[in-house]
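J.: First the structure, then my questions, so here it is.
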Amino acid sequence: MPESTATPQQPPTPAPWPDGVIARYLTVAGAPVDLTDRTEESYWRYDTACGGCPHKDSFLSVEPARRDAQAHAERCRALPRPEDAR
């Protein structure tokens, strides 16, 4: 059997996360769901936002925000929005 001359493919380098993003989950279709810590003295300190659909929410503490982001990522089938549309 001839030896393969194909070079192995390297995964793409991920883009840096936006400021304040403390966790990122991927939807079924690959759109990011970001968990952001506002780090300011605000009633709603943590935000979740999907990069594929209009889903957004705000939370008082980090654990409910993590659960929301993870649950949304597991079921959302929206494709990632192009960067210029955000």
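Going through the structure tokens in order, the chains are called A, B, and so on, while each chain numbers its residues from 1 and the ligands are numbered from 1 in the order shown.
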Need the shell around Gly51 of chain A: protein/DNA/RNA residues with any atom at most 10 Å away, counting only C-alpha atoms. Skip same-chain ones fewer than 5 positions apart. Format as a compact mmCIF listing (two decimals) with N, CA and C atoms, in the first residue's frame?

T.:
# COMPACT_ATOMS: atom_id res chain seq x y z
N LEU A 26 -20.76 25.95 22.76
CA LEU A 26 -21.10 25.92 21.34
C LEU A 26 -22.44 25.24 21.15
N THR A 27 -23.27 25.85 20.30
CA THR A 27 -24.56 25.25 19.98
C THR A 27 -24.34 24.04 19.08
N GLY A 30 -22.73 25.16 16.06
CA GLY A 30 -21.44 25.83 16.18
C GLY A 30 -21.47 27.30 16.53
N ALA A 31 -22.63 27.86 16.86
CA ALA A 31 -22.69 29.26 17.29
C ALA A 31 -22.26 29.35 18.76
N PRO A 32 -21.55 30.39 19.15
CA PRO A 32 -21.15 30.51 20.54
C PRO A 32 -22.30 31.03 21.42
N VAL A 33 -22.37 30.51 22.63
CA VAL A 33 -23.26 31.05 23.65
C VAL A 33 -22.32 31.57 24.73
N ASP A 34 -22.24 32.88 24.88
CA ASP A 34 -21.29 33.49 25.80
C ASP A 34 -21.92 33.78 27.15
N LYS A 56 -31.12 35.80 24.88
CA LYS A 56 -30.33 36.57 25.84
C LYS A 56 -31.03 36.49 27.17
N ALA A 78 -29.40 27.17 15.62
CA ALA A 78 -29.11 28.34 14.78
C ALA A 78 -27.64 28.34 14.37
N LEU A 79 -27.39 28.69 13.12
CA LEU A 79 -26.02 28.82 12.63
C LEU A 79 -25.40 30.09 13.20
N PRO A 80 -24.09 30.12 13.33
CA PRO A 80 -23.44 31.35 13.81
C PRO A 80 -23.74 32.52 12.88
N ARG A 81 -24.01 33.67 13.45
CA ARG A 81 -24.20 34.88 12.65
C ARG A 81 -22.84 35.33 12.12
N PRO A 82 -22.81 35.90 10.92
CA PRO A 82 -21.55 36.46 10.43
C PRO A 82 -21.08 37.57 11.38
N GLU A 83 -19.77 37.71 11.50
CA GLU A 83 -19.19 38.70 12.42
C GLU A 83 -19.71 40.11 12.19
N ARG A 86 -23.17 41.13 13.89
CA ARG A 86 -23.34 41.19 15.34
C ARG A 86 -23.37 42.58 15.85

J.: Pull the alpha helix (DSSP H) assignments for chain A out of DSSP run on the backbone, and list those residues as number ranges by chain.

T.: A: 62-75

J.: For the residues in the current selection, export C-alpha atoms as a PDB file, in the first residue's frame.

T.:
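Contents of out-v1.pdb, as written:
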ATOM      1  CA  VAL A  62     -23.087  32.562  38.038  1.00  0.00           C
ATOM      2  CA  GLU A  63     -24.482  29.039  38.514  1.00  0.00           C
ATOM      3  CA  PRO A  64     -27.954  29.700  37.034  1.00  0.00           C
ATOM      4  CA  ALA A  65     -26.245  31.592  34.189  1.00  0.00           C
ATOM      5  CA  ARG A  66     -23.986  28.594  33.453  1.00  0.00           C
ATOM      6  CA  ARG A  67     -26.951  26.230  33.461  1.00  0.00           C
ATOM      7  CA  ASP A  68     -28.884  28.507  31.089  1.00  0.00           C
ATOM      8  CA  ALA A  69     -25.955  28.841  28.657  1.00  0.00           C
ATOM      9  CA  GLN A  70     -25.295  25.091  28.648  1.00  0.00           C
ATOM     10  CA  ALA A  71     -28.973  24.163  28.233  1.00  0.00           C
ATOM     11  CA  HIS A  72     -29.432  26.668  25.415  1.00  0.00           C
ATOM     12  CA  ALA A  73     -26.300  25.439  23.609  1.00  0.00           C
ATOM     13  CA  GLU A  74     -27.531  21.844  23.798  1.00  0.00           C
ATOM     14  CA  ARG A  75     -30.773  22.589  21.963  1.00  0.00           C
TER      15      ARG A  75
END

J.: I need the residues in chain A that are strand (DSSP E or B) according to DSSP; give them as a PyMOL selection string.

T.: chain A and resi 21-26+32-37+46-50+56-59

J.: Restricting the calculation to only C-alpha atoms: of A:Pro8, A:Ala23, A:Cys76, A:Trp17, which residue gets closest to His55 of chain A?

T.: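 With only C-alpha atoms as the atom set, the closest residue is A:Cys76.
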
J.: Quick one: residues within 9 Å of Tyr46 of chain A, only C-alpha atoms, excluding same-chain residues fewer than 3 positions away - as a list in words?

T.: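 Final neighbour list, sorted by chain and number: Leu35, Thr36, Asp37, Arg38, Thr39, Asp57, Ser58, Phe59, Leu60, Ser61, Val62 and Ala65 of chain A.
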